[in-house]
Structures are given as C-alpha cells and as structure tokens.
$ cat protein_17.pdb   # PDB, C-alpha atoms
ATOM      1  CA  MET H 819       0.000   0.000   0.000
ATOM      2  CA  PHE H 820       1.319   3.427  -0.895
ATOM      3  CA  THR H 821       0.362   6.989  -1.722
ATOM      4  CA  LEU H 822       1.408   9.144  -4.650
ATOM      5  CA  ARG H 823       2.327  12.797  -4.342
ATOM      6  CA  PHE H 824       2.577  15.263  -7.186
ATOM      7  CA  ASP H 825       3.790  18.853  -6.781
ATOM      8  CA  MET H 826       4.834  19.206 -10.433
ATOM      9  CA  ARG H 827       8.133  21.018  -9.910
ATOM     10  CA  ALA H 828       9.703  21.495 -13.341
ATOM     11  CA  PRO H 829      13.152  23.076 -12.976
ATOM     12  CA  SER H 830      15.137  23.816 -16.120
ATOM     13  CA  MET H 831      17.261  20.681 -15.666
ATOM     14  CA  GLY H 832      14.166  18.472 -15.633
ATOM     15  CA  ALA H 833      11.368  17.543 -17.987
ATOM     16  CA  PRO H 834       9.052  20.260 -19.353
ATOM     17  CA  PRO H 835       5.701  20.745 -17.597
ATOM     18  CA  THR H 836       3.659  19.298 -20.470
ATOM     19  CA  GLU H 837       5.469  15.958 -20.160
ATOM     20  CA  LEU H 838       5.214  15.949 -16.369
ATOM     21  CA  TYR H 839       1.476  16.648 -16.274
ATOM     22  CA  ALA H 840       0.811  13.900 -18.820
ATOM     23  CA  ALA H 841       2.970  11.500 -16.823
ATOM     24  CA  ALA H 842       1.188  12.313 -13.560
ATOM     25  CA  CYS H 843      -2.155  11.299 -15.078
ATOM     26  CA  ASP H 844      -0.656   8.159 -16.619
ATOM     27  CA  MET H 845       1.011   7.179 -13.354
ATOM     28  CA  ALA H 846      -2.129   7.693 -11.289
ATOM     29  CA  GLU H 847      -4.166   5.542 -13.693
ATOM     30  CA  TRP H 848      -1.522   2.804 -13.657
ATOM     31  CA  ALA H 849      -1.016   2.905  -9.892
ATOM     32  CA  GLU H 850      -4.621   2.588  -8.743
ATOM     33  CA  THR H 851      -4.666  -1.112  -9.669
ATOM     34  CA  ARG H 852      -1.297  -1.766  -8.008
ATOM     35  CA  GLY H 853      -1.851  -0.837  -4.378
ATOM     36  CA  CYS H 854      -1.959   2.952  -4.522
ATOM     37  CA  VAL H 855      -4.662   4.269  -2.210
ATOM     38  CA  ALA H 856      -4.480   8.008  -2.872
ATOM     39  CA  ALA H 857      -2.863  10.732  -4.921
ATOM     40  CA  VAL H 858      -1.879  13.832  -2.945
ATOM     41  CA  LEU H 859      -1.786  17.082  -4.917
ATOM     42  CA  CYS H 860      -0.059  20.039  -3.301
ATOM     43  CA  GLU H 861      -0.308  23.788  -3.969
ATOM     44  CA  HIS H 862       2.088  26.708  -4.119
ATOM     45  CA  HIS H 863       2.359  29.826  -6.281
ATOM     46  CA  CYS H 864       5.047  31.992  -7.896
ATOM     47  CA  ALA H 865       7.643  29.225  -7.733
ATOM     48  CA  ASP H 866      10.536  29.516 -10.160
ATOM     49  CA  ASP H 867      10.201  25.805 -10.948
ATOM     50  CA  GLY H 868       6.469  25.951 -11.654
ATOM     51  CA  TYR H 869       5.206  24.206  -8.515
ATOM     52  CA  LEU H 870       1.574  23.158  -9.002
ATOM     53  CA  PRO H 871      -0.658  26.233  -8.522
ATOM     54  CA  SER H 872      -3.964  24.537  -9.358
ATOM     55  CA  PRO H 873      -4.546  21.167  -7.664
ATOM     56  CA  LEU H 874      -8.245  21.250  -8.551
ATOM     57  CA  LEU H 875      -7.466  21.180 -12.270
ATOM     58  CA  LEU H 876      -4.941  18.380 -11.993
ATOM     59  CA  GLY H 877      -7.307  16.561  -9.636
ATOM     60  CA  SER H 878     -10.049  16.715 -12.248
ATOM     61  CA  ALA H 879      -7.739  15.308 -14.919
ATOM     62  CA  ILE H 880      -6.679  12.429 -12.672
ATOM     63  CA  ALA H 881     -10.252  11.758 -11.554
ATOM     64  CA  ALA H 882     -11.318  11.407 -15.181
ATOM     65  CA  ARG H 883      -8.597   8.792 -15.762
ATOM     66  CA  THR H 884      -9.223   6.717 -12.623
ATOM     67  CA  GLU H 885     -12.085   4.818 -11.022
ATOM     68  CA  GLN H 886     -11.188   4.122  -7.403
ATOM     69  CA  LEU H 887      -8.127   6.180  -6.516
ATOM     70  CA  MET H 888      -8.743   8.662  -3.714
ATOM     71  CA  LEU H 889      -7.627  12.243  -4.312
ATOM     72  CA  ASN H 890      -6.296  14.363  -1.482
ATOM     73  CA  LEU H 891      -6.003  18.019  -2.519
ATOM     74  CA  VAL H 892      -3.947  20.405  -0.392
ATOM     75  CA  ILE H 893      -5.610  23.819  -0.760
ATOM     76  CA  LEU H 894      -4.332  27.180   0.504
ATOM     77  CA  LEU H 895      -7.747  28.499   1.416
ATOM     78  CA  PRO H 896      -7.096  32.272   1.762
ATOM     79  CA  PHE H 897      -6.205  32.540  -1.939
ATOM     80  CA  TYR H 898      -9.622  31.489  -3.244
ATOM     81  CA  ASP H 899     -12.867  33.245  -3.961
ATOM     82  CA  VAL H 900     -15.020  31.131  -1.696
ATOM     83  CA  ALA H 901     -18.014  30.860  -4.030
ATOM     84  CA  ARG H 902     -15.873  29.787  -6.976
ATOM     85  CA  LEU H 903     -13.985  27.294  -4.825
ATOM     86  CA  ALA H 904     -17.242  25.755  -3.623
ATOM     87  CA  GLU H 905     -18.454  25.433  -7.227
ATOM     88  CA  ASP H 906     -15.224  23.780  -8.349
ATOM     89  CA  MET H 907     -15.296  21.403  -5.381
ATOM     90  CA  ALA H 908     -18.898  20.479  -6.146
ATOM     91  CA  VAL H 909     -18.109  19.729  -9.784
ATOM     92  CA  LEU H 910     -15.023  17.688  -8.880
ATOM     93  CA  ASP H 911     -17.136  15.781  -6.361
ATOM     94  CA  HIS H 912     -19.289  14.631  -9.278
ATOM     95  CA  ILE H 913     -16.400  13.974 -11.674
ATOM     96  CA  SER H 914     -14.637  11.864  -9.040
ATOM     97  CA  ALA H 915     -17.830  10.213  -7.707
ATOM     98  CA  GLY H 916     -16.947  11.480  -4.233
ATOM     99  CA  ARG H 917     -13.268  10.460  -4.248
ATOM    100  CA  ALA H 918     -11.814  13.963  -3.768
ATOM    101  CA  THR H 919     -10.976  15.068  -0.224
ATOM    102  CA  TYR H 920      -9.315  18.262   0.966
ATOM    103  CA  VAL H 921      -6.671  19.430   3.396
ATOM    104  CA  PHE H 922      -6.821  23.178   3.891
ATOM    105  CA  GLY H 923      -3.969  25.369   5.042
ATOM    106  CA  ILE H 924      -3.069  29.035   5.209
ATOM    107  CA  GLY H 925       0.376  29.007   3.582
ATOM    108  CA  TYR H 926       3.480  30.816   4.756
ATOM    109  CA  ARG H 927       5.170  32.513   1.795
ATOM    110  CA  ALA H 928       4.926  36.306   1.661
ATOM    111  CA  GLN H 929       5.339  36.303  -2.119
ATOM    112  CA  GLU H 930       2.165  34.276  -2.507
ATOM    113  CA  TYR H 931       0.174  36.735  -0.409
ATOM    114  CA  GLU H 932       1.538  39.611  -2.480
ATOM    115  CA  HIS H 933       0.518  37.707  -5.618
ATOM    116  CA  PHE H 934      -3.096  37.586  -4.440
ATOM    117  CA  GLY H 935      -3.119  41.054  -2.850
ATOM    118  CA  LEU H 936      -3.735  39.703   0.653
ATOM    119  CA  SER H 937      -2.225  40.402   4.051
ATOM    120  CA  LEU H 938       0.050  37.664   5.362
ATOM    121  CA  SER H 939      -0.543  38.809   8.930
ATOM    122  CA  GLU H 940      -4.301  38.356   8.525
ATOM    123  CA  ARG H 941      -4.171  34.936   6.920
ATOM    124  CA  GLY H 942      -5.671  33.128   9.910
ATOM    125  CA  LYS H 943      -8.630  35.483  10.082
ATOM    126  CA  ILE H 944      -9.179  35.218   6.325
ATOM    127  CA  ALA H 945      -9.068  31.422   6.475
ATOM    128  CA  ASP H 946     -11.556  31.222   9.348
ATOM    129  CA  GLN H 947     -13.979  33.486   7.539
ATOM    130  CA  LYS H 948     -13.752  31.616   4.247
ATOM    131  CA  LEU H 949     -13.946  28.179   5.832
ATOM    132  CA  GLY H 950     -17.238  29.016   7.503
ATOM    133  CA  MET H 951     -18.779  30.315   4.285
ATOM    134  CA  LEU H 952     -17.398  27.421   2.240
ATOM    135  CA  ARG H 953     -19.026  24.819   4.454
ATOM    136  CA  ARG H 954     -22.357  26.596   4.340
ATOM    137  CA  LEU H 955     -22.241  26.899   0.555
ATOM    138  CA  LEU H 956     -21.388  23.233   0.097
ATOM    139  CA  ALA H 957     -24.279  22.318   2.400
ATOM    140  CA  GLY H 958     -26.644  24.140   0.032
ATOM    141  CA  GLU H 959     -27.171  27.355   1.984
ATOM    142  CA  GLU H 960     -27.460  30.767   0.403
ATOM    143  CA  VAL H 961     -24.791  32.999   1.917
ATOM    144  CA  GLU H 962     -24.839  36.778   2.026
ATOM    145  CA  TYR H 963     -21.576  38.605   2.643
ATOM    146  CA  GLU H 964     -20.529  42.204   1.969
ATOM    147  CA  GLY H 965     -23.305  42.770  -0.525
ATOM    148  CA  ARG H 966     -22.863  39.428  -2.283
ATOM    149  CA  ARG H 967     -25.527  36.757  -2.402
ATOM    150  CA  MET H 968     -23.918  33.380  -3.066
ATOM    151  CA  LYS H 969     -25.531  30.027  -3.830
ATOM    152  CA  VAL H 970     -23.695  27.042  -5.286
ATOM    153  CA  THR H 971     -25.106  24.745  -7.941
ATOM    154  CA  PRO H 972     -24.962  21.903  -8.597
ATOM    155  CA  ARG H 973     -25.057  20.547  -5.084
ATOM    156  CA  PRO H 974     -22.133  18.227  -4.344
ATOM    157  CA  ARG H 975     -22.648  14.513  -4.779
ATOM    158  CA  THR H 976     -21.490  14.025  -1.187
ATOM    159  CA  PRO H 977     -24.053  15.227   1.397
ATOM    160  CA  GLU H 978     -22.773  18.397   3.115
ATOM    161  CA  GLY H 979     -19.843  18.426   0.718
ATOM    162  CA  PRO H 980     -16.547  16.515   0.382
ATOM    163  CA  MET H 981     -14.503  15.461   3.385
ATOM    164  CA  MET H 982     -12.336  18.307   4.670
ATOM    165  CA  SER H 983      -9.388  18.378   7.056
ATOM    166  CA  TRP H 984      -6.986  21.039   8.242
ATOM    167  CA  GLY H 985      -3.227  20.988   7.806
ATOM    168  CA  GLY H 986      -0.232  22.838   9.184
ATOM    169  CA  ALA H 987       2.365  22.261  11.862
ATOM    170  CA  SER H 988       1.380  24.494  14.771
ATOM    171  CA  LEU H 989      -0.865  24.723  17.804
ATOM    172  CA  ALA H 990      -2.947  27.313  15.940
ATOM    173  CA  ALA H 991      -3.545  24.828  13.107
ATOM    174  CA  ALA H 992      -4.536  22.123  15.581
ATOM    175  CA  ARG H 993      -6.977  24.448  17.329
ATOM    176  CA  ARG H 994      -8.460  25.609  14.011
ATOM    177  CA  ALA H 995      -9.074  22.007  12.979
ATOM    178  CA  GLY H 996     -10.638  21.194  16.329
ATOM    179  CA  ARG H 997     -12.975  24.133  16.704
ATOM    180  CA  ASN H 998     -14.333  23.471  13.201
ATOM    181  CA  GLY H 999     -14.795  19.748  13.762
ATOM    182  CA  LEU H1000     -12.319  18.801  11.035
ATOM    183  CA  GLY H1001      -9.689  16.107  10.949
ATOM    184  CA  LEU H1002      -6.063  17.140  11.431
ATOM    185  CA  LEU H1003      -3.605  16.127   8.714
ATOM    186  CA  ALA H1004      -0.464  17.936   9.778
ATOM    187  CA  ASN H1005       2.788  18.256   7.867
ATOM    188  CA  GLY H1006       4.781  18.348  11.090
ATOM    189  CA  GLY H1007       4.305  18.425  14.826
ATOM    190  CA  VAL H1008       4.999  20.572  17.869
ATOM    191  CA  PRO H1009       4.625  19.611  21.537
ATOM    192  CA  GLY H1010       1.014  19.715  22.680
ATOM    193  CA  MET H1011      -0.455  19.608  19.192
ATOM    194  CA  GLN H1012      -2.550  16.497  19.761
ATOM    195  CA  GLU H1013      -3.851  17.801  23.084
ATOM    196  CA  ALA H1014      -4.679  21.187  21.553
ATOM    197  CA  TYR H1015      -6.628  19.511  18.762
ATOM    198  CA  GLU H1016      -8.587  17.191  21.011
ATOM    199  CA  SER H1017      -9.411  19.946  23.506
ATOM    200  CA  ALA H1018     -10.601  22.314  20.770
ATOM    201  CA  CYS H1019     -12.820  19.584  19.319
ATOM    202  CA  ARG H1020     -14.533  18.849  22.620
ATOM    203  CA  GLU H1021     -14.833  22.488  23.648
ATOM    204  CA  ASN H1022     -16.790  23.102  20.445
ATOM    205  CA  GLY H1023     -19.029  20.042  20.681
ATOM    206  CA  TYR H1024     -17.116  17.678  18.386
ATOM    207  CA  GLU H1025     -15.492  14.335  18.929
ATOM    208  CA  PRO H1026     -11.894  14.326  17.680
ATOM    209  CA  GLY H1027     -11.623  13.039  14.127
ATOM    210  CA  PHE H1028      -8.848  11.494  12.095
ATOM    211  CA  MET H1029      -5.480  12.876  13.125
ATOM    212  CA  LEU H1030      -2.066  12.431  11.534
ATOM    213  CA  ILE H1031       1.002  14.205  12.904
ATOM    214  CA  PRO H1032       4.041  12.906  10.988
ATOM    215  CA  ASP H1033       7.455  12.417  12.475
ATOM    216  CA  ARG H1034       9.982  15.082  11.515
ATOM    217  CA  ASN H1035      12.140  12.403   9.888
ATOM    218  CA  ALA H1036       9.371  10.653   7.948
ATOM    219  CA  ALA H1037      10.390   9.538   4.466
ATOM    220  CA  THR H1038       8.345  11.640   2.059
ATOM    221  CA  ASN H1039      10.129  10.781  -1.203
ATOM    222  CA  CYS H1040      10.949   7.089  -1.646
ATOM    223  CA  PHE H1041      12.577   5.379  -4.625
ATOM    224  CA  VAL H1042      13.578   1.753  -5.158
ATOM    225  CA  ALA H1043      16.619   0.775  -7.200
ATOM    226  CA  ASP H1044      18.464  -2.373  -8.238
ATOM    227  CA  ASP H1045      21.708  -0.410  -7.871
ATOM    228  CA  VAL H1046      21.459   2.308  -5.217
ATOM    229  CA  ASP H1047      24.778   3.951  -6.130
ATOM    230  CA  ALA H1048      23.810   4.223  -9.792
ATOM    231  CA  ALA H1049      20.392   5.560  -8.808
ATOM    232  CA  TRP H1050      21.880   8.403  -6.765
ATOM    233  CA  ASP H1051      24.042   9.268  -9.776
ATOM    234  CA  GLU H1052      20.989   9.280 -12.040
ATOM    235  CA  ILE H1053      18.300  11.031  -9.966
ATOM    236  CA  GLY H1054      20.187  12.555  -7.042
ATOM    237  CA  GLU H1055      20.232  16.057  -8.537
ATOM    238  CA  TYR H1056      16.442  16.049  -8.909
ATOM    239  CA  LEU H1057      15.933  14.948  -5.319
ATOM    240  CA  LEU H1058      18.384  17.624  -4.183
ATOM    241  CA  HIS H1059      16.509  20.316  -6.098
ATOM    242  CA  ASP H1060      13.289  19.328  -4.360
ATOM    243  CA  ALA H1061      14.952  19.242  -0.941
ATOM    244  CA  MET H1062      16.728  22.573  -1.330
ATOM    245  CA  ALA H1063      13.656  24.317  -2.731
ATOM    246  CA  TYR H1064      11.638  23.420   0.362
ATOM    247  CA  SER H1065      14.467  24.331   2.721
ATOM    248  CA  GLU H1066      14.884  27.740   1.045
ATOM    249  CA  TRP H1067      11.185  28.419   1.626
ATOM    250  CA  ASN H1068      11.534  27.241   5.238
ATOM    251  CA  PRO H1069      14.946  28.462   6.435
ATOM    252  CA  ASP H1070      14.174  28.171  10.144
ATOM    253  CA  ASN H1071      11.812  25.205  10.015
ATOM    254  CA  ASN H1072      12.926  22.288  12.174
ATOM    255  CA  ILE H1073       9.415  20.901  12.589
ATOM    256  CA  SER H1074       7.917  19.938   9.237
ATOM    257  CA  ALA H1075       8.536  16.697   7.409
ATOM    258  CA  ASN H1076      10.275  16.934   4.014
ATOM    259  CA  ILE H1077      12.715  19.613   5.221
ATOM    260  CA  THR H1078      16.446  18.930   5.174
ATOM    261  CA  THR H1079      19.584  21.040   5.450
ATOM    262  CA  ALA H1080      21.475  19.079   2.781
ATOM    263  CA  LYS H1081      23.275  21.192   0.177
ATOM    264  CA  THR H1082      24.809  18.453  -1.983
ATOM    265  CA  VAL H1083      23.690  15.094  -3.297
ATOM    266  CA  ASP H1084      26.196  13.355  -1.019
ATOM    267  CA  GLU H1085      24.821  15.196   2.014
ATOM    268  CA  LEU H1086      21.267  14.364   1.024
ATOM    269  CA  ARG H1087      22.163  10.709   0.710
ATOM    270  CA  SER H1088      24.087  10.475   3.974
ATOM    271  CA  GLN H1089      22.078  12.806   6.209
ATOM    272  CA  SER H1090      18.501  12.979   5.005
ATOM    273  CA  THR H1091      15.678  10.646   5.932
ATOM    274  CA  THR H1092      13.162  12.530   3.788
ATOM    275  CA  HIS H1093      14.561  11.658   0.346
ATOM    276  CA  VAL H1094      15.643   8.026   0.205
ATOM    277  CA  ILE H1095      16.631   5.478  -2.418
ATOM    278  CA  LEU H1096      16.208   1.929  -1.165
ATOM    279  CA  SER H1097      17.486  -1.367  -2.442
ATOM    280  CA  VAL H1098      14.842  -3.864  -3.468
ATOM    281  CA  ASP H1099      15.562  -5.996  -0.392
ATOM    282  CA  GLU H1100      15.340  -3.025   2.006
ATOM    283  CA  ALA H1101      12.088  -1.854   0.443
ATOM    284  CA  ARG H1102      10.575  -5.326   0.791
ATOM    285  CA  LYS H1103      11.585  -5.473   4.462
ATOM    286  CA  ARG H1104       9.999  -2.097   5.175
ATOM    287  CA  LEU H1105       6.829  -3.055   3.348
ATOM    288  CA  ALA H1106       6.642  -6.321   5.280
ATOM    289  CA  ALA H1107       6.968  -4.335   8.510
ATOM    290  CA  GLY H1108       3.840  -2.380   7.570
ATOM    291  CA  GLU H1109       5.335   0.880   6.340
ATOM    292  CA  VAL H1110       3.092   2.916   4.056
ATOM    293  CA  PHE H1111       5.327   4.463   1.421
ATOM    294  CA  ASN H1112       4.999   7.999   0.117
ATOM    295  CA  ILE H1113       6.013   8.011  -3.533
ATOM    296  CA  ASN H1114       6.819  11.231  -5.385
ATOM    297  CA  PRO H1115       7.793   9.670  -8.727
ATOM    298  CA  LEU H1116       8.370  12.944 -10.580
ATOM    299  CA  CYS H1117      10.283  14.536  -7.698
ATOM    300  CA  GLY H1118      12.238  17.590  -8.776
ATOM    301  CA  GLY H1119      11.122  17.258 -12.385
ATOM    302  CA  ILE H1120      12.572  13.789 -13.040
ATOM    303  CA  PRO H1121      11.934  13.060 -16.732
ATOM    304  CA  PRO H1122       9.172  10.465 -17.075
ATOM    305  CA  ALA H1123      11.394   8.072 -19.052
ATOM    306  CA  ILE H1124      13.739   7.971 -16.050
ATOM    307  CA  ALA H1125      10.979   8.019 -13.429
ATOM    308  CA  TRP H1126       8.872   5.130 -14.706
ATOM    309  CA  PRO H1127      11.348   2.288 -14.019
ATOM    310  CA  TYR H1128      11.782   3.391 -10.385
ATOM    311  CA  PHE H1129       8.037   3.701  -9.960
ATOM    312  CA  LYS H1130       7.268   0.319 -11.500
ATOM    313  CA  ARG H1131      10.026  -1.364  -9.518
ATOM    314  CA  PHE H1132       8.440  -0.205  -6.287
ATOM    315  CA  ALA H1133       4.844  -0.941  -7.292
ATOM    316  CA  GLU H1134       5.722  -4.462  -8.367
ATOM    317  CA  LEU H1135       7.681  -5.411  -5.218
ATOM    318  CA  GLY H1136       4.820  -7.532  -3.917
TER     319      GLY H1136
END
$ encode --input "protein_17.pdb" --output "structure tokens"
Amino acid sequence: MFTLRFDMRAPSMGAPPTELYAAACDMAEWAETRGCVAAVLCEHHCADDGYLPSPLLLGSAIAARTEQLMLNLVILLPFYDVARLAEDMAVLDHISAGRATYVFGIGYRAQEYEHFGLSLSERGKIADQKLGMLRRLLAGEEVEYEGRRMKVTPRPRTPEGPMMSWGGASLAAARRAGRNGLGLLANGGVPGMQEAYESACRENGYEPGFMLIPDRNAATNCFVADDVDAAWDEIGEYLLHDAMAYSEWNPDNNISANITTAKTVDELRSQSTTHVILSVDEARKRLAAGEVFNINPLCGGIPPAIAWPYFKRFAELG
C-alpha cells in the first residue's frame, strides 16, 4: 500500500511541464490497480520551478482517468474566492464520484500573499472566515456577505460536501481544525499539538476526528533501485533540487517533514531521511513491517522516461 504525491516542480534541468502533467495522469491511472490508495496534490504559487498552482485542475484530470483512486487536494484556502472554490469542489465531487478530499492550510510565503493582494498577517482570520462560508455553501445554503448573495449549484454529490481536514504544523492549526470539527492532517508536529486539537474539538461540541502528525524524519520521497549507487548518480540532482527548494522556503523550520539542510547530493544521501533510495531488499523489508510508502515519482522534475522504471520497480515489489 502506498500513496502518490505530485507537486509538479519542473526546474530547467528536468522535464518540461507538459510531459510531467501527462505522466502524472498516466502514473495515477496505472497505480490505482497496483496498491496505490491516494494521490496527494499540493499547492504553491510563484515558484521559479512551476510548482503546481492549481490542484483542482490536476485533480479533475486524474479523476477522469481513474475509477477508485482517492484524491487528497492540499488547498491554501485564503487565496480562493469562496463561491468559486465551492463550485469547483462540487463539480469535482461529481467527476470523481466522491473520491476527492481536501486538506486546507493558510500558507506561509509572503510572495504568494503579495501575488493575491492579501495580508500575510491576517491569513488566519481570512481562512476562518472563508472556511465558515465554504461549508455553508457546500451544504446548500445561500450565503450573504458584503453585498454578495452566493448560492452554489450543482449541489455536491457528497451530502454536506466533500470530506475536509486542516493541515499545518502548529498549535494554531490544531486548534483551528478542532474548533471546526475537522480532521487534522499535519505536515509536522509541535509539543502539545494532539492535546490542543482534542481539547478544541470537545470544547466546540465535536469528537476528535482522524489525526495524523508525521514524524519530523518521515520519508516523504521514496525510490527503489536495483543499484542504489547508480540511482543516486541518475536522480540525485532532482531529489536535491526538491529538498533545497523546500528548505529555502523554510529556512528556520525544524518541525515539518520533508525539510532537510542538505546542500549536496552526497549530504542528502548520507544525512537525510526525507529523500531516500532503497534497495529492493530493504524496500521489501519495510513493506513487510507495515510501512506505508509515500512516492513522489516525478520529484524535482525527473523526466518520465527515467521516473517510470523506479516507480514500476516499487509498485511491483509484492
């Protein structure tokens, strides 16, 4: 059992975006019959390497190519017009037959807030306001706000709308998830996060829902190779690009998974637990022990012709 993750980074050394987007759809279709339980689509904006800015569009393309694969879309809620987001979610709910779920977050990059003309310091307030309206719209209510009258059609296939969770790696994120009765799918953990989530749930009349707080050293980009040394020579630079891009966005982050301080391929290989290339035997042992692998087959813009053999090797281990 494994999950796929696509963030669609396309640095100049890698494959062009057109090839990567086509490959992501092909890979999702191929993987759903080989033990993949979900495709995770992440969101960022204004990235030099073209990081996926529109997970709803890619989610729709993948939903149209698959029949049972769950879709988990990571959405930076403050950046959306809430009525349009609700409409798009409702349509995707029909296209996917209810397979699309959402993890909302508030983001952290000042450049993205400048891009959308929003205040970074007010992002929590904006998110709270939009989340409340979004849930009402998806439940079929007519919402009036600042002179607007909003009503979403068609109604979602899923009663009350698709499943929604909250993300982040802070006590504030845990409390926001809890007071809204959402699950907590964090991307890192701080002391007291679980307690803050559970308390906020109960204080607001909810039972705690699904909660996932990953370990700081969780492997988020796994590859399987017949020859590990040769694999690092072949794809190491792509993995390093991915690692360094996240670390540059998060210079003081020692909490979130997928963050490393490595500056060279050798350092990434020797020091990092987030980007790993496993031998076939090691991968089989970890699978047998019950590990759920997170596969990012196009990590750092790996050309599809290079990525496919690694992906198939992992998927066919069993």
$ atom_distance --input "protein_17.pdb" --atom1 "atom CA of H:Leu822" --atom2 "atom CA of H:His912"
21.9 Å
$ atom_distance --input "protein_17.pdb" --atom1 "atom CA of H:Val909" --atom2 "atom CA of H:Ala879"
12.4 Å
$ closest_residue --input "protein_17.pdb" --among "H:Ile913, H:Val858, H:Val1083, H:Cys864" --to "H:Glu930" --atoms "all atoms listed in the file"
H:Cys864
$ resolve_selection --input "protein_17.pdb" --expression "the PyMOL selection byres ((chain H and resi 898-906) around 8)" --output "PyMOL selection string"
chain H and resi 874+894-897+907-910+948+951-952+955-956+968-972
$ resolve_selection --input "protein_17.pdb" --expression "the PyMOL selection byres ((chain H and resi 982) around 12)" --output "number ranges by chain"
H: 889-893, 895, 907, 917-923, 949, 952-953, 956, 976, 978-981, 983-985, 995, 998-1003, 1027-1028
$ resolve_selection --input "protein_17.pdb" --expression "the PyMOL selection byres ((chain H and resi 1125) around 12)" --output "ChimeraX atom specification"
/H:832-833,837-838,841-842,845,1040-1043,1049,1052-1053,1056-1057,1113-1124,1126-1132
$ closest_residue --input "protein_17.pdb" --among "H:Pro1009, H:Asp1044, H:Asn1039, H:Ser1088" --to "H:Phe1111" --atoms "all atoms listed in the file"
H:Asn1039
$ closest_residue --input "protein_17.pdb" --among "H:Ala915, H:Met831, H:Arg997, H:Pro977" --to "H:Leu1058" --atoms "all atoms listed in the file"
H:Met831
$ residues_around --input "protein_17.pdb" --residues "H:Glu1016" --least-positions-apart "3" --cutoff "10 Å" --atoms "only C-alpha atoms" --output "PyMOL selection string"
chain H and resi 992-993+995-997+999+1002+1011-1013+1019-1021+1024-1027+1029
$ closest_residue --input "protein_17.pdb" --among "H:Arg966, H:Tyr931, H:Asp825, H:Asp1033" --to "H:Ile944" --atoms "all atoms listed in the file"
H:Tyr931
$ atom_distance --input "protein_17.pdb" --atom1 "atom CA of H:Arg975" --atom2 "atom CA of H:Gly916"
6.5 Å
$ closest_residue --input "protein_17.pdb" --among "H:Met826, H:Pro834, H:Tyr963, H:Ala849" --to "H:Leu870" --atoms "only C-alpha atoms"
H:Met826
$ residues_around --input "protein_17.pdb" --residues "H:Pro873" --least-positions-apart "5" --cutoff "7 Å" --atoms "only C-alpha atoms" --output "PyMOL selection string"
chain H and resi 859-861+891
$ closest_residue --input "protein_17.pdb" --among "H:Ile1077, H:Ile924, H:Val1046, H:Val961" --to "H:Ala991" --atoms "all atoms listed in the file"
H:Ile924
$ axis_aligned_box --input "protein_17.pdb" --around "stretch 971-979 of chain H" --padding-each-side "8 Å" --output "lines of an AutoDock Vina configuration file"
center_x = -22.5
center_y = 19.4
center_z = -2.7
size_x = 21.3
size_y = 26.7
size_z = 27.7
$ residues_around --input "protein_17.pdb" --residues "stretch 880-884 of chain H" --least-positions-apart "5" --cutoff "7 Å" --atoms "all atoms listed in the file" --output "list in words"
Cys843, Ala846, Glu847, Ile913 and Ser914 of chain H
$ decode --input "protein_17.pdb" --residues "stretch 1000-1014 of chain H" --atoms "N, CA and C atoms" --output "PDB file, in the first residue's frame"
ATOM      1  N   LEU H1000     -12.999  19.430  12.161  1.00  0.00           N
ATOM      2  CA  LEU H1000     -12.319  18.801  11.035  1.00  0.00           C
ATOM      3  C   LEU H1000     -11.248  17.843  11.522  1.00  0.00           C
ATOM      4  N   GLY H1001     -10.847  16.912  10.652  1.00  0.00           N
ATOM      5  CA  GLY H1001      -9.689  16.107  10.949  1.00  0.00           C
ATOM      6  C   GLY H1001      -8.429  16.951  10.879  1.00  0.00           C
ATOM      7  N   LEU H1002      -7.339  16.431  11.429  1.00  0.00           N
ATOM      8  CA  LEU H1002      -6.063  17.140  11.431  1.00  0.00           C
ATOM      9  C   LEU H1002      -5.045  16.304  10.669  1.00  0.00           C
ATOM     10  N   LEU H1003      -4.653  16.777   9.499  1.00  0.00           N
ATOM     11  CA  LEU H1003      -3.605  16.127   8.714  1.00  0.00           C
ATOM     12  C   LEU H1003      -2.428  17.082   8.657  1.00  0.00           C
ATOM     13  N   ALA H1004      -1.565  16.991   9.640  1.00  0.00           N
ATOM     14  CA  ALA H1004      -0.464  17.936   9.778  1.00  0.00           C
ATOM     15  C   ALA H1004       0.696  17.566   8.860  1.00  0.00           C
ATOM     16  N   ASN H1005       1.558  18.527   8.605  1.00  0.00           N
ATOM     17  CA  ASN H1005       2.788  18.256   7.867  1.00  0.00           C
ATOM     18  C   ASN H1005       4.006  18.334   8.783  1.00  0.00           C
ATOM     19  N   GLY H1006       3.742  18.331  10.074  1.00  0.00           N
ATOM     20  CA  GLY H1006       4.781  18.348  11.090  1.00  0.00           C
ATOM     21  C   GLY H1006       4.116  18.487  12.443  1.00  0.00           C
ATOM     22  N   GLY H1007       4.905  18.373  13.501  1.00  0.00           N
ATOM     23  CA  GLY H1007       4.305  18.425  14.826  1.00  0.00           C
ATOM     24  C   GLY H1007       5.097  19.263  15.800  1.00  0.00           C
ATOM     25  N   VAL H1008       4.393  19.850  16.760  1.00  0.00           N
ATOM     26  CA  VAL H1008       4.999  20.572  17.869  1.00  0.00           C
ATOM     27  C   VAL H1008       4.431  19.994  19.154  1.00  0.00           C
ATOM     28  N   PRO H1009       5.140  20.137  20.275  1.00  0.00           N
ATOM     29  CA  PRO H1009       4.625  19.611  21.537  1.00  0.00           C
ATOM     30  C   PRO H1009       3.246  20.174  21.865  1.00  0.00           C
ATOM     31  N   GLY H1010       2.355  19.294  22.279  1.00  0.00           N
ATOM     32  CA  GLY H1010       1.014  19.715  22.680  1.00  0.00           C
ATOM     33  C   GLY H1010       0.016  19.798  21.550  1.00  0.00           C
ATOM     34  N   MET H1011       0.429  19.449  20.342  1.00  0.00           N
ATOM     35  CA  MET H1011      -0.455  19.608  19.192  1.00  0.00           C
ATOM     36  C   MET H1011      -1.670  18.673  19.281  1.00  0.00           C
ATOM     37  N   GLN H1012      -1.436  17.438  19.636  1.00  0.00           N
ATOM     38  CA  GLN H1012      -2.550  16.497  19.761  1.00  0.00           C
ATOM     39  C   GLN H1012      -3.522  16.945  20.838  1.00  0.00           C
ATOM     40  N   GLU H1013      -2.991  17.361  21.976  1.00  0.00           N
ATOM     41  CA  GLU H1013      -3.851  17.801  23.084  1.00  0.00           C
ATOM     42  C   GLU H1013      -4.646  19.045  22.695  1.00  0.00           C
ATOM     43  N   ALA H1014      -3.989  19.973  21.980  1.00  0.00           N
ATOM     44  CA  ALA H1014      -4.679  21.187  21.553  1.00  0.00           C
ATOM     45  C   ALA H1014      -5.820  20.858  20.603  1.00  0.00           C
TER      46      ALA H1014
END
